[in-house]
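Coordinates as given in work35.pdb (PDB, C-alpha atoms):
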ATOM      1  CA  MET A  17      44.664  10.820  37.998
ATOM      2  CA  LYS A  18      45.529  14.103  39.702
ATOM      3  CA  VAL A  19      47.213  14.452  43.079
ATOM      4  CA  ALA A  20      47.244  17.540  45.316
ATOM      5  CA  SER A  21      50.001  17.533  47.922
ATOM      6  CA  ILE A  22      49.300  19.833  50.877
ATOM      7  CA  GLY A  23      51.852  21.305  53.270
ATOM      8  CA  GLU A  24      54.855  23.583  53.515
ATOM      9  CA  CYS A  25      58.030  24.157  51.567
ATOM     10  CA  MET A  26      60.907  25.885  53.319
ATOM     11  CA  ILE A  27      64.303  27.232  52.437
ATOM     12  CA  GLU A  28      66.723  24.355  53.037
ATOM     13  CA  PHE A  29      70.339  24.615  54.134
ATOM     14  CA  SER A  30      72.235  21.320  54.087
ATOM     15  CA  ALA A  31      75.846  20.854  55.149
ATOM     16  CA  ALA A  32      78.283  20.867  52.234
ATOM     17  CA  ARG A  33      81.980  21.023  53.212
ATOM     18  CA  ASP A  34      84.338  23.196  55.220
ATOM     19  CA  GLY A  35      81.489  24.534  57.323
ATOM     20  CA  LEU A  36      79.563  25.770  54.282
ATOM     21  CA  PHE A  37      75.927  25.021  53.477
ATOM     22  CA  ALA A  38      74.121  24.487  50.192
ATOM     23  CA  ARG A  39      70.784  26.235  49.754
ATOM     24  CA  GLY A  40      67.795  24.461  48.356
ATOM     25  CA  PHE A  41      64.060  24.165  48.912
ATOM     26  CA  GLY A  42      62.368  21.329  50.746
ATOM     27  CA  GLY A  43      59.522  20.110  52.868
ATOM     28  CA  ASP A  44      58.112  16.637  53.286
ATOM     29  CA  THR A  45      55.004  16.985  51.132
ATOM     30  CA  LEU A  46      56.838  19.140  48.597
ATOM     31  CA  ASN A  47      59.512  16.458  48.245
ATOM     32  CA  THR A  48      56.816  13.892  47.558
ATOM     33  CA  ALA A  49      55.136  16.207  45.039
ATOM     34  CA  VAL A  50      58.363  16.664  43.076
ATOM     35  CA  TYR A  51      59.068  12.947  42.945
ATOM     36  CA  LEU A  52      55.465  12.206  41.959
ATOM     37  CA  SER A  53      55.758  14.669  39.089
ATOM     38  CA  ARG A  54      59.059  13.144  37.976
ATOM     39  CA  LEU A  55      57.334   9.773  37.915
ATOM     40  CA  GLY A  56      54.706  11.035  35.508
ATOM     41  CA  ILE A  57      51.858  11.819  37.924
ATOM     42  CA  ASP A  58      49.875  15.037  37.406
ATOM     43  CA  THR A  59      50.648  16.747  40.714
ATOM     44  CA  ALA A  60      49.788  20.091  42.290
ATOM     45  CA  TYR A  61      51.372  21.608  45.360
ATOM     46  CA  VAL A  62      49.114  23.450  47.779
ATOM     47  CA  THR A  63      50.632  25.885  50.261
ATOM     48  CA  ALA A  64      51.002  29.583  51.066
ATOM     49  CA  LEU A  65      54.102  31.654  50.323
ATOM     50  CA  GLY A  66      55.188  35.260  50.690
ATOM     51  CA  ASP A  67      55.677  37.820  47.934
ATOM     52  CA  ASP A  68      59.481  37.850  48.210
ATOM     53  CA  ALA A  69      62.185  36.771  45.768
ATOM     54  CA  LEU A  70      62.736  33.418  47.492
ATOM     55  CA  SER A  71      59.035  32.592  47.203
ATOM     56  CA  ASP A  72      59.266  33.473  43.501
ATOM     57  CA  ALA A  73      62.262  31.155  43.170
ATOM     58  CA  MET A  74      60.378  28.354  44.916
ATOM     59  CA  LEU A  75      57.456  28.643  42.525
ATOM     60  CA  ALA A  76      59.777  28.691  39.531
ATOM     61  CA  SER A  77      61.606  25.567  40.741
ATOM     62  CA  TRP A  78      58.344  23.663  41.251
ATOM     63  CA  GLN A  79      57.051  24.700  37.854
ATOM     64  CA  ALA A  80      60.331  23.561  36.286
ATOM     65  CA  GLU A  81      59.630  20.135  37.837
ATOM     66  CA  GLY A  82      56.176  20.060  36.277
ATOM     67  CA  VAL A  83      54.386  20.587  39.605
ATOM     68  CA  ARG A  84      51.230  22.674  39.282
ATOM     69  CA  THR A  85      51.132  25.852  41.388
ATOM     70  CA  ASP A  86      47.667  27.232  40.611
ATOM     71  CA  ASP A  87      46.534  26.821  44.224
ATOM     72  CA  VAL A  88      49.538  28.402  45.945
ATOM     73  CA  LEU A  89      48.444  31.421  47.984
ATOM     74  CA  ARG A  90      50.709  34.483  48.169
ATOM     75  CA  VAL A  91      50.704  36.543  51.376
ATOM     76  CA  PRO A  92      52.086  40.086  51.015
ATOM     77  CA  GLY A  93      54.951  41.045  53.282
ATOM     78  CA  ARG A  94      55.782  37.511  54.395
ATOM     79  CA  VAL A  95      58.651  35.117  53.726
ATOM     80  CA  PRO A  96      58.876  31.285  53.802
ATOM     81  CA  GLY A  97      60.181  29.309  56.739
ATOM     82  CA  LEU A  98      63.741  28.004  56.888
ATOM     83  CA  TYR A  99      65.310  24.768  58.102
ATOM     84  CA  MET A 100      68.830  23.399  58.419
ATOM     85  CA  ILE A 101      69.791  19.743  58.029
ATOM     86  CA  GLU A 102      72.473  18.302  60.271
ATOM     87  CA  ARG A 103      73.768  14.754  59.711
ATOM     88  CA  ASP A 104      75.575  12.350  62.002
ATOM     89  CA  PRO A 105      78.361   9.998  60.816
ATOM     90  CA  ARG A 106      75.758   7.338  59.906
ATOM     91  CA  GLY A 107      73.889   9.722  57.620
ATOM     92  CA  GLU A 108      70.949  10.117  60.005
ATOM     93  CA  ARG A 109      69.578  13.631  59.906
ATOM     94  CA  SER A 110      68.181  16.120  62.373
ATOM     95  CA  PHE A 111      66.624  19.505  61.727
ATOM     96  CA  LEU A 112      66.694  23.043  63.073
ATOM     97  CA  TYR A 113      63.710  25.232  62.147
ATOM     98  CA  TRP A 114      62.919  28.940  61.773
ATOM     99  CA  ARG A 115      59.276  28.934  60.693
ATOM    100  CA  ASP A 116      56.961  30.387  63.355
ATOM    101  CA  ARG A 117      55.549  33.066  61.022
ATOM    102  CA  ALA A 118      55.687  31.104  57.783
ATOM    103  CA  PRO A 119      52.629  31.919  55.632
ATOM    104  CA  ALA A 120      51.982  28.195  55.060
ATOM    105  CA  ARG A 121      50.536  28.120  58.579
ATOM    106  CA  GLU A 122      47.639  30.295  57.410
ATOM    107  CA  LEU A 123      46.694  28.325  54.300
ATOM    108  CA  PHE A 124      43.300  27.140  55.559
ATOM    109  CA  ASP A 125      42.578  30.392  57.365
ATOM    110  CA  ARG A 126      42.967  32.283  54.085
ATOM    111  CA  ALA A 127      41.754  29.806  51.436
ATOM    112  CA  ASP A 128      38.377  30.745  49.987
ATOM    113  CA  ASP A 129      35.507  28.372  49.304
ATOM    114  CA  ALA A 130      36.243  28.283  45.574
ATOM    115  CA  ALA A 131      39.802  27.089  46.207
ATOM    116  CA  LEU A 132      38.617  24.350  48.543
ATOM    117  CA  GLU A 133      36.006  23.270  46.029
ATOM    118  CA  ARG A 134      38.705  22.905  43.355
ATOM    119  CA  LEU A 135      40.835  20.832  45.691
ATOM    120  CA  SER A 136      37.911  18.582  46.550
ATOM    121  CA  ARG A 137      37.820  17.481  42.891
ATOM    122  CA  PHE A 138      41.317  15.956  42.882
ATOM    123  CA  ASP A 139      41.630  12.171  42.677
ATOM    124  CA  TRP A 140      44.100  12.064  45.577
ATOM    125  CA  LEU A 141      44.899  14.439  48.414
ATOM    126  CA  TYR A 142      48.244  13.802  50.090
ATOM    127  CA  LEU A 143      49.275  15.250  53.464
ATOM    128  CA  SER A 144      51.358  14.469  56.518
ATOM    129  CA  GLY A 145      51.554  14.936  60.240
ATOM    130  CA  ILE A 146      53.805  17.917  59.553
ATOM    131  CA  SER A 147      50.980  19.377  57.460
ATOM    132  CA  LEU A 148      48.639  18.976  60.436
ATOM    133  CA  SER A 149      51.120  20.625  62.791
ATOM    134  CA  LEU A 150      51.058  23.819  60.729
ATOM    135  CA  TYR A 151      47.413  24.650  61.218
ATOM    136  CA  GLY A 152      45.469  25.717  64.277
ATOM    137  CA  GLU A 153      42.171  24.184  65.336
ATOM    138  CA  MET A 154      40.198  26.246  62.803
ATOM    139  CA  GLY A 155      42.582  25.387  59.992
ATOM    140  CA  ARG A 156      42.493  21.671  60.803
ATOM    141  CA  ALA A 157      38.694  21.786  60.918
ATOM    142  CA  ARG A 158      38.601  23.273  57.407
ATOM    143  CA  LEU A 159      41.115  20.658  56.258
ATOM    144  CA  ARG A 160      38.868  17.884  57.580
ATOM    145  CA  GLU A 161      35.934  19.416  55.726
ATOM    146  CA  LEU A 162      38.026  19.351  52.551
ATOM    147  CA  LEU A 163      38.890  15.672  53.026
ATOM    148  CA  VAL A 164      35.236  14.787  53.629
ATOM    149  CA  ALA A 165      34.206  16.648  50.475
ATOM    150  CA  ALA A 166      36.970  15.036  48.404
ATOM    151  CA  ARG A 167      35.957  11.526  49.469
ATOM    152  CA  ARG A 168      32.315  12.348  48.804
ATOM    153  CA  ASN A 169      33.396  13.285  45.261
ATOM    154  CA  GLY A 170      35.148   9.939  44.835
ATOM    155  CA  GLY A 171      38.646  11.105  45.760
ATOM    156  CA  ARG A 172      41.016   9.377  48.154
ATOM    157  CA  VAL A 173      43.329  10.533  50.914
ATOM    158  CA  ALA A 174      46.940   9.465  51.550
ATOM    159  CA  PHE A 175      48.573  10.334  54.875
ATOM    160  CA  ASP A 176      52.099   9.949  56.262
ATOM    161  CA  GLY A 177      52.130  10.496  60.038
ATOM    162  CA  ASN A 178      55.671  11.970  59.925
ATOM    163  CA  TYR A 179      55.498  13.032  63.576
ATOM    164  CA  ARG A 180      57.936  15.781  64.560
ATOM    165  CA  PRO A 181      57.584  16.715  68.271
ATOM    166  CA  ARG A 182      58.940  20.230  67.760
ATOM    167  CA  GLY A 183      55.949  21.053  65.592
ATOM    168  CA  TRP A 184      53.472  20.461  68.414
ATOM    169  CA  SER A 185      52.791  22.109  71.764
ATOM    170  CA  GLU A 186      52.427  18.642  73.297
ATOM    171  CA  ALA A 187      52.103  15.043  72.162
ATOM    172  CA  GLU A 188      48.448  14.868  73.188
ATOM    173  CA  ALA A 189      47.583  17.658  70.740
ATOM    174  CA  ALA A 190      49.232  15.676  67.962
ATOM    175  CA  ARG A 191      47.393  12.490  68.942
ATOM    176  CA  ARG A 192      44.046  14.298  68.859
ATOM    177  CA  ALA A 193      44.802  15.769  65.440
ATOM    178  CA  PHE A 194      45.894  12.401  64.027
ATOM    179  CA  ASP A 195      42.870  10.606  65.465
ATOM    180  CA  ALA A 196      40.552  13.173  63.875
ATOM    181  CA  ILE A 197      42.116  12.684  60.431
ATOM    182  CA  LEU A 198      42.667   8.918  60.332
ATOM    183  CA  PRO A 199      38.993   7.942  59.764
ATOM    184  CA  LEU A 200      39.225   9.960  56.522
ATOM    185  CA  VAL A 201      42.422   8.250  55.304
ATOM    186  CA  ASP A 202      42.398   5.617  52.557
ATOM    187  CA  LEU A 203      46.158   5.006  52.374
ATOM    188  CA  ALA A 204      48.393   5.362  55.445
ATOM    189  CA  LEU A 205      52.167   5.508  54.912
ATOM    190  CA  PRO A 206      53.604   5.846  58.427
ATOM    191  CA  THR A 207      57.127   5.296  59.692
ATOM    192  CA  LEU A 208      57.095   2.867  62.611
ATOM    193  CA  GLU A 209      59.603   4.863  64.672
ATOM    194  CA  ASP A 210      57.406   7.978  64.447
ATOM    195  CA  GLU A 211      54.249   6.069  65.350
ATOM    196  CA  GLN A 212      55.952   4.506  68.349
ATOM    197  CA  ALA A 213      57.141   7.916  69.545
ATOM    198  CA  LEU A 214      53.626   9.358  69.351
ATOM    199  CA  PHE A 215      51.330   6.438  70.159
ATOM    200  CA  GLY A 216      53.606   3.978  71.951
ATOM    201  CA  ASP A 217      52.927   1.122  69.530
ATOM    202  CA  ALA A 218      54.865  -1.923  70.699
ATOM    203  CA  ASP A 219      55.648  -3.087  67.179
ATOM    204  CA  ALA A 220      54.454  -2.936  63.585
ATOM    205  CA  ALA A 221      51.582  -5.344  64.309
ATOM    206  CA  ALA A 222      50.265  -3.037  67.027
ATOM    207  CA  CYS A 223      50.550  -0.087  64.666
ATOM    208  CA  LEU A 224      48.571  -2.002  62.035
ATOM    209  CA  ARG A 225      45.822  -2.831  64.511
ATOM    210  CA  ARG A 226      45.476   0.768  65.640
ATOM    211  CA  LEU A 227      45.279   2.146  62.089
ATOM    212  CA  LYS A 228      42.823  -0.565  61.033
ATOM    213  CA  ALA A 229      40.634   0.345  64.008
ATOM    214  CA  HIS A 230      40.327   3.820  62.478
ATOM    215  CA  GLY A 231      39.091   2.255  59.233
ATOM    216  CA  VAL A 232      42.210   2.772  57.097
ATOM    217  CA  ALA A 233      41.949   0.308  54.216
ATOM    218  CA  GLU A 234      45.563   0.260  52.972
ATOM    219  CA  ILE A 235      48.494   0.561  55.352
ATOM    220  CA  VAL A 236      52.208   0.617  54.534
ATOM    221  CA  ILE A 237      54.464   0.786  57.601
ATOM    222  CA  LYS A 238      57.998   1.878  56.773
ATOM    223  CA  ARG A 239      60.714   0.295  58.948
ATOM    224  CA  GLY A 240      63.969   1.600  57.525
ATOM    225  CA  PRO A 241      66.435  -1.165  56.604
ATOM    226  CA  LEU A 242      63.850  -3.806  57.576
ATOM    227  CA  GLY A 243      61.667  -2.736  54.669
ATOM    228  CA  CYS A 244      57.931  -2.260  54.999
ATOM    229  CA  LEU A 245      54.905  -4.147  56.262
ATOM    230  CA  ILE A 246      51.785  -3.846  54.126
ATOM    231  CA  GLU A 247      48.161  -4.628  54.819
ATOM    232  CA  ALA A 248      45.897  -4.226  51.792
ATOM    233  CA  ASN A 249      43.147  -6.130  50.065
ATOM    234  CA  GLY A 250      42.650  -8.328  53.131
ATOM    235  CA  ARG A 251      46.194  -9.653  53.374
ATOM    236  CA  GLN A 252      49.591  -8.755  54.791
ATOM    237  CA  ALA A 253      53.013  -8.787  53.148
ATOM    238  CA  GLU A 254      56.545  -7.851  54.131
ATOM    239  CA  VAL A 255      58.673  -6.268  51.418
ATOM    240  CA  PRO A 256      62.403  -5.849  52.159
ATOM    241  CA  PRO A 257      64.565  -3.304  50.333
ATOM    242  CA  PRO A 258      66.443  -4.727  47.312
ATOM    243  CA  GLN A 259      69.772  -4.184  49.055
ATOM    244  CA  LEU A 260      71.167  -2.591  52.184
ATOM    245  CA  VAL A 261      73.241   0.550  51.685
ATOM    246  CA  GLN A 262      75.113   2.909  53.997
ATOM    247  CA  PRO A 263      73.189   6.168  53.601
ATOM    248  CA  VAL A 264      74.834   9.512  53.028
ATOM    249  CA  ASP A 265      71.716  11.449  54.037
ATOM    250  CA  THR A 266      68.358   9.936  55.010
ATOM    251  CA  THR A 267      66.483  13.187  54.342
ATOM    252  CA  ALA A 268      63.358  12.493  52.239
ATOM    253  CA  ALA A 269      63.778   8.713  52.410
ATOM    254  CA  GLY A 270      60.156   8.316  53.451
ATOM    255  CA  ASP A 271      58.910  11.135  51.205
ATOM    256  CA  SER A 272      60.454   9.541  48.111
ATOM    257  CA  PHE A 273      59.233   6.070  49.087
ATOM    258  CA  ASN A 274      55.715   7.477  49.414
ATOM    259  CA  ALA A 275      55.917   9.107  45.983
ATOM    260  CA  ALA A 276      57.004   5.945  44.205
ATOM    261  CA  TYR A 277      54.512   3.796  46.108
ATOM    262  CA  LEU A 278      51.585   6.096  45.312
ATOM    263  CA  ALA A 279      52.688   6.553  41.702
ATOM    264  CA  ALA A 280      52.906   2.806  41.234
ATOM    265  CA  ARG A 281      49.472   2.244  42.762
ATOM    266  CA  ILE A 282      47.961   4.941  40.546
ATOM    267  CA  ARG A 283      49.497   3.128  37.570
ATOM    268  CA  GLY A 284      47.753  -0.081  38.662
ATOM    269  CA  ALA A 285      50.575  -1.914  40.427
ATOM    270  CA  GLU A 286      49.827  -4.298  43.275
ATOM    271  CA  PRO A 287      50.912  -3.170  46.772
ATOM    272  CA  GLU A 288      54.023  -5.368  46.857
ATOM    273  CA  GLN A 289      55.132  -4.078  43.443
ATOM    274  CA  ALA A 290      54.500  -0.529  44.606
ATOM    275  CA  ALA A 291      56.586  -1.104  47.740
ATOM    276  CA  ARG A 292      59.491  -2.356  45.661
ATOM    277  CA  ALA A 293      59.263   0.818  43.570
ATOM    278  CA  GLY A 294      59.297   2.835  46.789
ATOM    279  CA  HIS A 295      62.414   1.058  48.017
ATOM    280  CA  ARG A 296      64.246   1.606  44.725
ATOM    281  CA  LEU A 297      63.674   5.347  44.739
ATOM    282  CA  ALA A 298      64.379   5.797  48.447
ATOM    283  CA  SER A 299      67.610   3.785  48.105
ATOM    284  CA  ALA A 300      68.837   6.255  45.482
ATOM    285  CA  VAL A 301      67.721   9.342  47.412
ATOM    286  CA  ILE A 302      69.564   8.440  50.616
ATOM    287  CA  MET A 303      72.867   8.086  48.768
ATOM    288  CA  LEU A 304      73.012  11.812  48.008
ATOM    289  CA  PRO A 305      72.739  14.887  50.270
ATOM    290  CA  GLY A 306      69.567  16.956  50.419
ATOM    291  CA  ALA A 307      65.880  16.208  50.048
ATOM    292  CA  VAL A 308      65.499  16.288  46.257
ATOM    293  CA  ILE A 309      68.233  14.635  44.215
ATOM    294  CA  ALA A 310      69.183  15.812  40.746
ATOM    295  CA  ARG A 311      66.949  14.563  37.977
ATOM    296  CA  GLU A 312      69.858  12.762  36.329
ATOM    297  CA  ALA A 313      70.434  10.819  39.562
ATOM    298  CA  MET A 314      66.956   9.303  39.453
ATOM    299  CA  PRO A 315      67.122   5.506  39.049
ATOM    300  CA  ARG A 316      65.900   4.232  35.712
ATOM    301  CA  ASP A 317      64.251   1.045  36.975
ATOM    302  CA  ILE A 318      61.773   2.282  39.581
ATOM    303  CA  PHE A 319      58.870   0.580  37.820
ATOM    304  CA  SER A 320      59.097  -2.748  36.076
ATOM    305  CA  THR A 321      57.963  -1.015  32.877
ATOM    306  CA  GLY A 322      60.556   1.751  33.224
ATOM    307  CA  VAL A 323      60.385   5.329  34.460
ATOM    308  CA  THR A 324      58.565   7.836  32.327
ATOM    309  CA  ARG A 325      59.991  11.277  31.582
TER
END

Please re-express this file's structure in structure tokens.
Amino acid sequence: MKVASIGECMIEFSAARDGLFARGFGGDTLNTAVYLSRLGIDTAYVTALGDDALSDAMLASWQAEGVRTDDVLRVPGRVPGLYMIERDPRGERSFLYWRDRAPARELFDRADDAALERLSRFDWLYLSGISLSLYGEMGRARLRELLVAARRNGGRVAFDGNYRPRGWSEAEAARRAFDAILPLVDLALPTLEDEQALFGDADAAACLRRLKAHGVAEIVIKRGPLGCLIEANGRQAEVPPPQLVQPVDTTAAGDSFNAAYLAARIRGAEPEQAARAGHRLASAVIMLPGAVIAREAMPRDIFSTGVTR
């Protein structure tokens, strides 16, 4: 099974101490790609970068994680976007962005037909609402064509709504983009708070009904410390986290959950087992600062059979 994760990686600055910041690389779909690779899934990252030294460093860091980079476009004279993480005393994060001219925005404007054909042969395509916010109408139309082709070839699509208002000109534009993609989604991994902000869902049940109306077959609604609500294979289940912890930094909580959930499902786990794997990884990630924790900090018991690699 091969997964292609589509989106944007940016230069990340996260608060360290004494007013200093630590530099890293992050982005929601990139975070998921790294964790998928660490969990033994053959994963490619699909984006566009510049031809600068930081873009080179990004590629090298992904390759060191085992993430394939064959379908990363390089745009001469451009540099990646940048974001800064700020955290409140409870560990909740907020972001400041500098990314208006990031080359990732032009991925589907620049990708040739051969590249899209290669991507359409992956077993899974993974993307998010942040991915959608990058592209204009033409880019999103080409993305939809890719998803249609992938499903026609027997592939499946996983989507995390991950709604960030700053990425959109208005909420209605985001709703239109989501509604156009959802009929092509096989696995939805939304966060309830985001869905409520965008669609006004009263609760998780309302969110489930709306996604089911679009034809999504498997739905996993993340609800923070309340755990997740799953609908799959004709039945619902609630899966709480194994324990409640006071987070240090909630950055990439959902991204890491998604990676472990999808990895477990690819390995043949049932949805509830996959959700427990998602909780275990996310619980470790939120106890350390930054989006991607050190490899040695990865929990050893994510899957009941043990973590590979």

Task: Residues selected by the PyMOL selection byres ((chain A and resi 253-265) around 10), written as a ChimeraX atom specification - done: /A:30,101-109,236-248,251-252,266-269,287-296,298-307

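Using all atoms listed in the file for every distance, the candidate list A:Leu135, A:Ala73, A:Leu55, A:Ala20 yields A:Leu55 as the residue closest to Ala276 in chain A.
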
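Put simply, the PyMOL selection byres ((chain A and resi 174) around 8) on this file hits Trp140, Leu141, Tyr142, Leu143, Arg172, Val173, Phe175, Asp176, Val201, Asp202, Leu203, Ala204 and Leu205 of chain A.
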
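Here, the PyMOL selection byres ((chain A and resi 100) around 6) matches Glu28, Phe29, Ser30, Tyr99, Ile101, Phe111 and Leu112 of chain A.
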
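Candidate residues A:Leu208, A:Ala69, A:Leu297, A:Ala280 were compared for distance to Asp317 in chain A, and the nearest is A:Leu297, using all atoms listed in the file.
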
Find the residues near Ile146 in chain A: any atom within 8 Å, counting only C-alpha atoms, skip ones fewer than 3 places away on the same chain, and give them as a compact mmCIF listing (two decimals) with C-alpha atoms, keeping the file's coordinate frame.
# COMPACT_ATOMS: atom_id res chain seq x y z
CA GLY A 23 51.85 21.30 53.27
CA ASP A 44 58.11 16.64 53.29
CA SER A 149 51.12 20.62 62.79
CA LEU A 150 51.06 23.82 60.73
CA GLY A 177 52.13 10.50 60.04
CA ASN A 178 55.67 11.97 59.92
CA TYR A 179 55.50 13.03 63.58
CA ARG A 180 57.94 15.78 64.56
CA GLY A 183 55.95 21.05 65.59

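Atom pair CA of Asp210 in chain A / CA of Glu234 in chain A has a distance of 18.2 Å (rounded to one decimal).
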
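Our summary of the geometry notes that CA of Glu133 in chain A is positioned 10.7 Å from CA of Leu163 in chain A.
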
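Here CA of Ile197 in chain A stands at a distance of 22.3 Å from CA of Ala130 in chain A.
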
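Those residues that approach Ser53 in chain A to within 7 Å, counting all atoms listed in the file, are Asp58, Thr59, Glu81, Gly82 and Val83 of chain A; same-chain residues fewer than 5 positions away are not listed.
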